[in-house]
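For reference, final.cif is printed below; it contains mmCIF, C-alpha atoms and all ligand atoms.
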```cif
data_work
loop_
_atom_site.label_atom_id
_atom_site.label_comp_id
_atom_site.auth_asym_id
_atom_site.auth_seq_id
_atom_site.Cartn_x
_atom_site.Cartn_y
_atom_site.Cartn_z
CA MET A 207 101.24 197.66 113.46
CA LYS A 208 102.69 194.21 112.66
CA VAL A 209 106.34 194.16 113.70
CA ILE A 210 109.27 191.78 113.35
CA VAL A 211 112.46 192.51 115.28
CA ASP A 212 115.77 191.12 113.98
CA THR A 213 118.33 191.22 116.76
CA ASP A 214 121.80 190.29 117.97
CA ALA A 215 120.47 190.55 121.54
CA GLY A 216 122.84 192.84 123.37
CA ILE A 217 121.95 195.33 126.11
CA ASP A 218 120.46 197.99 123.86
CA ASP A 219 118.70 195.31 121.81
CA ALA A 220 117.05 194.10 125.02
CA ILE A 221 115.75 197.57 125.83
CA ALA A 222 114.58 197.95 122.22
CA LEU A 223 112.70 194.64 122.36
CA LEU A 224 111.13 195.64 125.69
CA MET A 225 110.02 198.89 124.03
CA THR A 226 108.40 196.96 121.20
CA LEU A 227 106.63 194.60 123.61
CA ALA A 228 105.33 197.53 125.69
CA HIS A 229 103.99 199.56 122.77
CA PRO A 230 100.18 199.26 122.58
CA ALA A 231 100.12 199.55 118.78
CA ALA A 232 102.77 196.89 118.14
CA GLU A 233 101.75 193.34 117.27
CA VAL A 234 105.06 191.46 117.45
CA LEU A 235 104.75 188.68 114.87
CA ALA A 236 108.22 187.25 115.46
CA VAL A 237 111.76 187.86 116.62
CA THR A 238 114.59 186.70 114.37
CA THR A 239 118.09 186.32 115.75
CA VAL A 240 121.51 186.88 114.21
CA MET A 241 125.14 186.75 115.35
CA GLY A 242 126.73 190.08 116.21
CA ASN A 243 127.06 191.32 119.77
CA VAL A 244 127.10 187.69 120.82
CA SER A 245 126.93 184.32 119.07
CA LEU A 246 123.74 183.23 117.34
CA GLU A 247 123.10 180.69 120.11
CA GLN A 248 123.55 183.35 122.81
CA ALA A 249 121.43 185.88 120.89
CA THR A 250 118.66 183.30 120.58
CA HIS A 251 118.89 182.38 124.28
CA ASN A 252 118.92 186.05 125.28
CA THR A 253 115.82 186.71 123.19
CA GLY A 254 114.00 184.00 125.14
CA VAL A 255 115.20 185.49 128.42
CA ILE A 256 114.01 188.98 127.45
CA LEU A 257 110.58 187.65 126.47
CA ASP A 258 110.45 185.74 129.78
CA VAL A 259 111.39 188.83 131.82
CA ALA A 260 108.63 190.79 130.09
CA ALA A 261 106.15 187.92 130.54
CA ALA A 262 105.50 188.31 126.82
CA PRO A 263 103.00 186.13 124.99
CA ASP A 264 104.20 183.17 122.90
CA ILE A 265 106.05 185.10 120.20
CA PRO A 266 107.87 182.89 117.64
CA ILE A 267 111.67 183.07 117.67
CA PHE A 268 113.50 182.11 114.48
CA LYS A 269 117.26 181.52 114.46
CA GLY A 270 119.17 183.17 111.62
CA CYS A 271 122.79 183.30 110.56
CA ALA A 272 125.63 182.20 112.79
CA ARG A 273 128.27 183.81 110.55
CA PRO A 274 128.54 186.78 108.17
CA LEU A 275 127.93 185.98 104.49
CA LEU A 276 131.60 185.70 103.53
CA GLN A 277 133.43 185.25 106.80
CA CYS A 278 134.02 181.98 108.62
CA VAL A 279 134.51 183.32 112.11
CA PRO A 280 131.81 185.56 113.59
CA PRO A 281 133.00 188.58 115.59
CA ASP A 282 131.38 189.67 118.84
CA ALA A 283 131.05 192.66 121.17
CA VAL A 284 131.16 190.90 124.53
CA SER A 285 133.67 193.54 125.60
CA VAL A 286 130.79 196.01 125.40
CA HIS A 287 127.78 193.90 126.36
CA GLY A 288 129.38 191.42 128.75
CA ALA A 289 129.93 187.66 128.40
CA ASP A 290 126.19 186.90 128.33
CA GLY A 291 125.43 189.92 126.12
CA LEU A 292 123.06 191.33 128.74
CA GLY A 293 125.58 192.82 131.15
CA GLY A 294 125.22 189.88 133.52
CA ALA A 295 121.44 190.26 133.76
CA GLY A 296 120.86 187.12 131.70
CA ARG A 297 119.40 183.89 133.00
CA PRO A 298 120.78 180.35 132.55
CA THR A 299 117.48 179.05 131.21
CA THR A 300 114.50 180.26 129.21
CA THR A 301 111.05 178.83 128.63
CA ARG A 302 111.19 179.76 124.94
CA VAL A 303 112.29 177.33 122.21
CA PRO A 304 113.11 178.69 118.74
CA TYR A 305 111.15 177.35 115.78
CA SER A 306 112.99 175.10 113.34
CA GLU A 307 112.35 177.34 110.31
CA PRO A 308 115.48 179.41 109.52
CA ALA A 309 115.03 183.16 109.99
CA GLY A 310 115.65 184.03 106.34
CA LEU A 311 112.84 181.72 105.23
CA ALA A 312 110.54 182.90 108.03
CA LEU A 313 111.10 186.55 107.10
CA ALA A 314 110.29 185.89 103.44
CA ARG A 315 107.23 183.77 104.34
CA LEU A 316 105.78 186.25 106.83
CA ALA A 317 106.25 189.18 104.44
CA ARG A 318 104.45 187.20 101.72
CA GLU A 319 101.64 186.22 104.15
CA HIS A 320 101.15 189.86 105.25
CA PRO A 321 101.92 191.90 102.10
CA GLY A 322 102.66 195.56 102.81
CA GLN A 323 101.81 195.20 106.50
CA ILE A 324 105.01 194.31 108.33
CA THR A 325 107.55 196.73 109.76
CA LEU A 326 110.89 194.93 110.05
CA VAL A 327 113.29 196.59 112.49
CA THR A 328 116.88 195.34 112.26
CA LEU A 329 119.09 195.79 115.32
CA GLY A 330 122.15 193.82 114.25
CA PRO A 331 124.11 192.85 111.13
CA LEU A 332 121.97 192.58 107.98
CA THR A 333 122.85 188.96 107.20
CA ASN A 334 119.32 187.58 107.71
CA VAL A 335 117.80 190.36 105.60
CA ALA A 336 120.26 189.71 102.77
CA LEU A 337 119.30 186.03 102.78
CA ALA A 338 115.57 186.82 102.79
CA ILE A 339 116.08 189.04 99.72
CA GLN A 340 117.96 186.25 97.96
CA LEU A 341 115.33 183.68 98.90
CA ASP A 342 112.40 185.79 97.70
CA ALA A 343 112.91 188.48 95.07
CA ASP A 344 109.67 190.14 96.25
CA PHE A 345 110.71 190.28 99.92
CA LEU A 346 111.44 194.01 100.07
CA VAL A 347 108.30 194.86 98.10
CA ASN A 348 106.24 192.60 100.36
CA LEU A 349 107.50 194.40 103.47
CA GLY A 350 105.57 197.41 104.73
CA GLN A 351 108.70 199.16 106.01
CA LEU A 352 112.35 198.35 106.72
CA VAL A 353 113.93 200.26 109.62
CA ILE A 354 117.65 199.68 110.08
CA MET A 355 119.86 200.56 113.02
CA GLY A 356 123.33 200.90 111.61
CA GLY A 357 125.85 202.85 109.65
CA SER A 358 128.06 205.87 110.15
CA ILE A 359 126.48 208.45 107.84
CA ASP A 360 128.98 211.19 108.67
CA GLY A 361 131.99 208.88 108.70
CA ARG A 362 132.06 208.54 112.48
CA GLY A 363 132.63 204.83 112.98
CA ASN A 364 132.34 203.25 116.41
CA THR A 365 134.18 200.00 115.72
CA THR A 366 136.77 201.24 113.22
CA PRO A 367 137.29 204.91 112.38
CA ALA A 368 135.21 204.30 109.25
CA ALA A 369 132.58 201.76 110.27
CA GLU A 370 129.72 201.22 112.67
CA PHE A 371 129.47 197.75 114.27
CA ASN A 372 126.37 196.29 112.56
CA PHE A 373 127.62 197.20 109.07
CA LEU A 374 131.20 196.18 109.81
CA VAL A 375 130.25 192.71 111.06
CA ASP A 376 128.78 191.92 107.63
CA PRO A 377 129.61 194.62 105.06
CA GLU A 378 128.68 192.34 102.17
CA ALA A 379 125.20 191.86 103.60
CA ALA A 380 124.76 195.58 104.23
CA ALA A 381 126.01 196.46 100.75
CA PHE A 382 123.66 193.88 99.24
CA VAL A 383 120.61 195.10 101.19
CA PHE A 384 121.06 198.75 100.20
CA ALA A 385 121.77 197.82 96.57
CA ALA A 386 118.57 195.73 96.58
CA CYS A 387 116.63 198.67 98.06
CA HIS A 388 117.99 200.86 95.26
CA ARG A 389 116.96 198.35 92.58
CA ALA A 390 113.49 197.97 94.11
CA ARG A 391 113.09 201.74 94.59
CA ILE A 392 112.56 201.05 98.31
CA GLU A 393 113.66 203.61 100.92
CA ALA A 394 114.82 201.97 104.11
CA VAL A 395 114.64 204.13 107.24
CA LEU A 396 118.19 204.39 108.58
CA VAL A 397 118.99 205.25 112.21
CA SER A 398 122.75 205.69 112.32
CA TRP A 399 125.42 205.80 114.97
CA GLU A 400 125.75 209.57 114.58
CA THR A 401 122.01 210.01 115.11
CA THR A 402 122.36 207.89 118.25
CA LEU A 403 125.15 210.19 119.48
CA ALA A 404 122.92 213.20 118.80
CA HIS A 405 120.42 211.90 121.37
CA PRO A 406 122.36 211.26 124.61
CA ILE A 407 120.42 210.55 127.81
CA PRO A 408 122.08 211.82 130.99
CA LEU A 409 122.80 208.90 133.31
CA THR A 410 120.99 210.73 136.11
CA SER A 411 117.84 210.94 133.98
CA TRP A 412 118.20 207.30 133.00
CA ASP A 413 118.60 206.22 136.64
CA SER A 414 115.39 208.03 137.60
CA LEU A 415 113.58 206.51 134.63
CA ILE A 416 114.41 202.89 135.50
CA THR A 417 113.57 202.87 139.21
CA GLY A 418 111.14 200.24 140.50
CA ALA A 419 110.85 196.72 141.83
CA ALA A 420 109.07 195.13 138.86
CA PRO A 421 111.01 192.37 137.03
CA VAL A 422 111.60 194.44 133.88
CA ALA A 423 112.86 197.46 135.83
CA GLN A 424 115.13 195.24 137.91
CA PHE A 425 116.44 193.59 134.72
CA VAL A 426 117.24 196.98 133.16
CA GLN A 427 118.82 198.20 136.40
CA GLN A 428 121.16 195.21 136.35
CA MET A 429 122.15 195.83 132.71
CA THR A 430 122.66 199.50 133.54
CA GLY A 431 125.07 198.48 136.27
CA HIS A 432 127.24 196.85 133.62
CA VAL A 433 126.98 199.95 131.43
CA LYS A 434 128.16 202.13 134.31
CA ARG A 435 131.09 199.85 135.03
CA THR A 436 132.28 199.61 131.45
CA TRP A 437 131.06 202.51 129.32
CA ARG A 438 132.31 205.24 131.72
CA SER A 439 130.20 208.08 130.35
CA SER A 440 127.87 210.58 132.05
CA ASN A 441 125.36 209.76 129.31
CA VAL A 442 123.81 206.59 127.96
CA PHE A 443 123.34 206.06 124.23
CA TRP A 444 120.62 203.72 122.98
CA PRO A 445 120.98 202.98 119.22
CA ASP A 446 118.56 200.05 118.98
CA PRO A 447 115.82 201.66 121.12
CA LEU A 448 116.10 204.76 118.93
CA ALA A 449 115.50 202.66 115.81
CA VAL A 450 112.49 200.96 117.41
CA ALA A 451 111.13 204.32 118.59
CA VAL A 452 111.34 205.65 115.02
CA ALA A 453 109.60 202.52 113.71
CA LEU A 454 106.79 202.51 116.29
CA ALA A 455 106.27 206.27 116.57
CA PRO A 456 107.44 207.95 113.35
CA GLU A 457 105.80 211.17 114.54
CA ILE A 458 108.84 211.66 116.80
CA ILE A 459 111.05 212.19 113.72
CA GLY A 460 112.06 215.84 113.54
CA GLU A 461 114.61 215.88 110.75
CA GLN A 462 115.42 213.37 108.01
CA GLU A 463 116.82 213.35 104.49
CA ARG A 464 116.34 211.02 101.52
CA ARG A 465 119.69 209.83 100.14
CA LEU A 466 121.33 207.07 98.15
CA VAL A 467 123.37 204.96 100.56
CA ALA A 468 125.96 202.27 99.84
CA VAL A 469 128.29 200.26 102.09
CA GLU A 470 131.96 199.53 101.35
CA PRO A 471 132.51 195.74 101.17
CA ALA A 472 136.17 195.85 100.11
CA ARG A 473 138.79 194.59 102.55
CA VAL A 474 140.37 198.00 102.96
CA ALA A 475 140.67 200.49 105.84
CA SER A 476 137.18 201.82 105.06
CA ARG A 477 135.53 198.37 105.02
CA GLY A 478 131.96 198.68 106.29
CA HIS A 479 131.94 202.46 105.72
CA THR A 480 128.57 204.02 104.91
CA ILE A 481 128.79 205.99 101.67
CA VAL A 482 126.11 208.69 101.38
CA ASP A 483 125.51 210.23 97.95
CA TYR A 484 124.68 213.92 98.37
CA ARG A 485 124.45 214.52 94.62
CA PHE A 486 121.17 215.04 92.79
CA GLY A 487 120.38 213.16 89.59
CA PRO A 488 118.79 209.97 88.26
CA GLU A 489 121.80 207.88 89.25
CA SER A 490 121.44 209.12 92.84
CA ALA A 491 117.83 207.97 93.38
CA PRO A 492 117.40 207.59 97.17
CA ASN A 493 117.24 204.16 98.79
CA ALA A 494 117.21 205.42 102.37
CA ARG A 495 115.68 208.01 104.67
CA LEU A 496 118.41 209.11 107.08
CA VAL A 497 116.82 210.08 110.38
CA ARG A 498 118.78 212.95 111.86
CA LYS A 499 116.69 214.31 114.73
CA VAL A 500 113.87 212.97 116.92
CA ASP A 501 111.81 214.49 119.74
CA GLY A 502 113.97 213.59 122.74
CA VAL A 503 111.14 213.90 125.28
CA LYS A 504 108.90 211.53 123.31
CA PHE A 505 111.85 209.14 122.94
CA GLN A 506 112.38 209.10 126.70
CA ASN A 507 108.65 208.57 127.25
CA LEU A 508 108.81 205.45 125.06
CA LEU A 509 111.82 204.25 127.04
CA GLN A 510 109.99 204.80 130.31
CA GLN A 511 106.95 202.90 128.97
CA ALA A 512 109.30 200.03 128.09
CA VAL A 513 111.16 199.85 131.36
CA GLN A 514 108.13 200.35 133.59
CA GLN A 515 105.97 197.68 131.90
CA GLY A 516 104.56 195.17 134.31
CA GLY A 517 105.21 197.62 137.14
O1 LIG B 601 126.68 200.18 116.60
C1 LIG B 601 125.60 199.93 117.46
C2 LIG B 601 124.95 198.62 117.13
O2 LIG B 601 125.88 197.56 117.30
C3 LIG B 601 123.78 198.28 118.07
O3 LIG B 601 122.83 197.52 117.37
C4 LIG B 601 124.42 197.44 119.14
O4 LIG B 601 123.51 196.53 119.75
C5 LIG B 601 125.43 196.68 118.33
O5 LIG B 601 124.77 195.57 117.74
CA CA B 602 122.13 195.36 118.25
#
```

Please express what this file holds, its structure, as structure tokens.
Ligand code: RIB
Ligand code: CA
Amino acid sequence: MKVIVDTDAGIDDAIALLMTLAHPAAEVLAVTTVMGNVSLEQATHNTGVILDVAAAPDIPIFKGCARPLLQCVPPDAVSVHGADGLGGAGRPTTTRVPYSEPAGLALARLAREHPGQITLVTLGPLTNVALAIQLDADFLVNLGQLVIMGGSIDGRGNTTPAAEFNFLVDPEAAAFVFAACHRARIEAVLVSWETTLAHPIPLTSWDSLITGAAPVAQFVQQMTGHVKRTWRSSNVFWPDPLAVAVALAPEIIGEQERRLVAVEPARVASRGHTIVDYRFGPESAPNARLVRKVDGVKFQNLLQQAVQQGG
């Protein structure tokens, strides 16, 4: 399976990327970076660090958008992920240098070079994907599958009462991507915040899963330390790893539903809200498969495979 990961390189992104690197069936063609949890520069640096920690092969990194489509100042989530975005487990240097080709162009080119073969998993705001669609009208059709972590499909926002972080950072991009999927009759696979909440992992289970002296396990233990200090929950929630797990091992999906999804771009209280159309009719043709339930044991097995790689 040819995979591209688009990431804003926070703690859960790091675990998701480690999962992708550890999966025997995944051929990681590239990683594209985007602002979100941290700045574009930090997300790009963190991606290099994560690849270094995993002793990954020379996987191309392409820098994407430093700002949302229509906003001048990018937000961030350093309050959640720490100043370096990796809970203090980051490194000051990396051996990896991003390519000069912008991510939007690289995404469109790679999809055209490998028609119908690439699974693109997005772990941050959809700004790069929106640009790729604008740069190449066939981008979505050229992709094999688009798997998106984002959205609050039952109205349970995590950043505002209405909106999940990835969609709120760039609501215009999210609205554009789902409208383009609808036009192209493409169904993106959507792993939402509520689906993340439906799959908690007890901290005690997580601690036993990440033991070990190997560099990856140590790296995840250090990030977990930050999680324990700041998230103050008896469970851990892994949105980005859940999206990658669904992309790499769709057999773990237990319950999903095909729906028409839109995102509110207006500058109102519900900005970034995920609107799900539960009606039936030609105007409600689905553009998304909302994953509701996965096999929790298989999900944890994929996490263990990720964290214990190189051990
Ligand atoms: O709302 C969760 C999402 O926002 C995850 O992708 C997390 O990394 C942050 O980017
Ligand atoms: Ca993310």

Distance filter 7 Å around ligand LIG 601 (chain B), atoms: all atoms listed in the file, out as a PDB file with C-alpha atoms, in the coordinates of the input:
```
ATOM      1  CA  ASP A 214     121.800 190.290 117.970  1.00  0.00           C
ATOM      2  CA  ALA A 215     120.470 190.550 121.540  1.00  0.00           C
ATOM      3  CA  GLY A 216     122.840 192.840 123.370  1.00  0.00           C
ATOM      4  CA  ILE A 217     121.950 195.330 126.110  1.00  0.00           C
ATOM      5  CA  ASP A 218     120.460 197.990 123.860  1.00  0.00           C
ATOM      6  CA  ASP A 219     118.700 195.310 121.810  1.00  0.00           C
ATOM      7  CA  GLY A 242     126.730 190.080 116.210  1.00  0.00           C
ATOM      8  CA  ASN A 243     127.060 191.320 119.770  1.00  0.00           C
ATOM      9  CA  LEU A 329     119.090 195.790 115.320  1.00  0.00           C
ATOM     10  CA  GLY A 330     122.150 193.820 114.250  1.00  0.00           C
ATOM     11  CA  MET A 355     119.860 200.560 113.020  1.00  0.00           C
ATOM     12  CA  GLY A 356     123.330 200.900 111.610  1.00  0.00           C
ATOM     13  CA  ASN A 364     132.340 203.250 116.410  1.00  0.00           C
ATOM     14  CA  GLU A 370     129.720 201.220 112.670  1.00  0.00           C
ATOM     15  CA  PHE A 371     129.470 197.750 114.270  1.00  0.00           C
ATOM     16  CA  ASN A 372     126.370 196.290 112.560  1.00  0.00           C
ATOM     17  CA  TRP A 399     125.420 205.800 114.970  1.00  0.00           C
ATOM     18  CA  PRO A 445     120.980 202.980 119.220  1.00  0.00           C
ATOM     19  CA  ASP A 446     118.560 200.050 118.980  1.00  0.00           C
TER      20      ASP A 446
END
```

Just the number, please: distance in Å from CA of Leu396 in chain A to CA of Val467 in chain A, one decimal. 9.6 Å

Top pick for closest residue to ligand CA 602 (chain B), considering A:Gln351, A:Asn493, A:Gln428, A:Thr239 and counting only C-alpha atoms and all ligand atoms: A:Thr239

Please determine, counting all atoms listed in the file, which residue among A:Val497, A:Ala404, A:Ala295, A:Ile267 has the shortest atom-to-atom distance to Val433 in chain A.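 Among the listed residues, A:Ala295 lies closest to Val433 in chain A.
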
Need the shell around Val500 in chain A: protein/DNA/RNA residues with any atom at most 6 Å away, counting only C-alpha atoms. Skip same-chain ones fewer than 3 positions apart. Format as a list in words?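 Once the nearby chain positions are removed, what remains is Ile458, Ile459 and Gly460 of chain A.
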
What does the file look like for those residues with C-alpha atoms, as a PDB file, keeping the file's coordinate frame?
```pdb
ATOM      1  CA  ILE A 458     108.840 211.660 116.800  1.00  0.00           C
ATOM      2  CA  ILE A 459     111.050 212.190 113.720  1.00  0.00           C
ATOM      3  CA  GLY A 460     112.060 215.840 113.540  1.00  0.00           C
TER       4      GLY A 460
END
```

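Closest to Pro492 in chain A among A:Tyr305, A:Phe384, A:Trp437, A:Phe425 is A:Phe384, based on all atoms listed in the file.
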
Given the choices A:Thr401, A:Ser414, A:Thr213, A:Ser476, which gets closest to Val335 in chain A if the distance is worked out from all atoms listed in the file?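 Closest to Val335 in chain A of all the choices is A:Thr213.
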
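In terms of minimum interatomic distance to ligand CA 602 (chain B), A:Ser398 ranks closest within A:Ser398, A:Ser440, A:Gln277, A:Thr417, counting only C-alpha atoms and all ligand atoms.
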
Rounded to one decimal, what separation in Å do you get between CA of Pro471 in chain A and CA of Asp290 in chain A? 29.3 Å

Env of Leu326 in chain A: 9 Å cut, atoms = only C-alpha atoms, seq-sep filter 2 positions within chain, self excluded. Answer as a list of chain:residue names. A:Lys208, A:Val209, A:Ile210, A:Val211, A:Asp212, A:Leu313, A:Ile324, A:Thr328, A:Leu349, A:Gly350, A:Gln351, A:Leu352, A:Val353, A:Ile354, A:Ala453

Could you save those same residues with C-alpha atoms as a tab-separated table (two decimals), in the frame of the given file?
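For reference, result_0.tsv as written:
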```tsv
chain	number	residue	atom	x	y	z
A	208	LYS	CA	102.69	194.21	112.66
A	209	VAL	CA	106.34	194.16	113.70
A	210	ILE	CA	109.27	191.78	113.35
A	211	VAL	CA	112.46	192.51	115.28
A	212	ASP	CA	115.77	191.12	113.98
A	313	LEU	CA	111.10	186.55	107.10
A	324	ILE	CA	105.01	194.31	108.33
A	328	THR	CA	116.88	195.34	112.26
A	349	LEU	CA	107.50	194.40	103.47
A	350	GLY	CA	105.57	197.41	104.73
A	351	GLN	CA	108.70	199.16	106.01
A	352	LEU	CA	112.35	198.35	106.72
A	353	VAL	CA	113.93	200.26	109.62
A	354	ILE	CA	117.65	199.68	110.08
A	453	ALA	CA	109.60	202.52	113.71
```

Which neighbours of Ala314 in chain A fall inside 7 Å, counting all atoms listed in the file, when residues of the same chain fewer than 4 positions from it are skipped, and could you give them as a list of chain:residue names?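 Near Ala314 in chain A, the qualifying residues are A:Gly310, A:Arg318, A:Ala338, A:Asp342, A:Phe345.
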
Selected residue, from A:Val450, A:Cys278, A:Ala343, A:Val422, that lies nearest to ligand CA 602 (chain B) when counting only C-alpha atoms and all ligand atoms: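 Nearest to ligand CA 602 (chain B): A:Val450.
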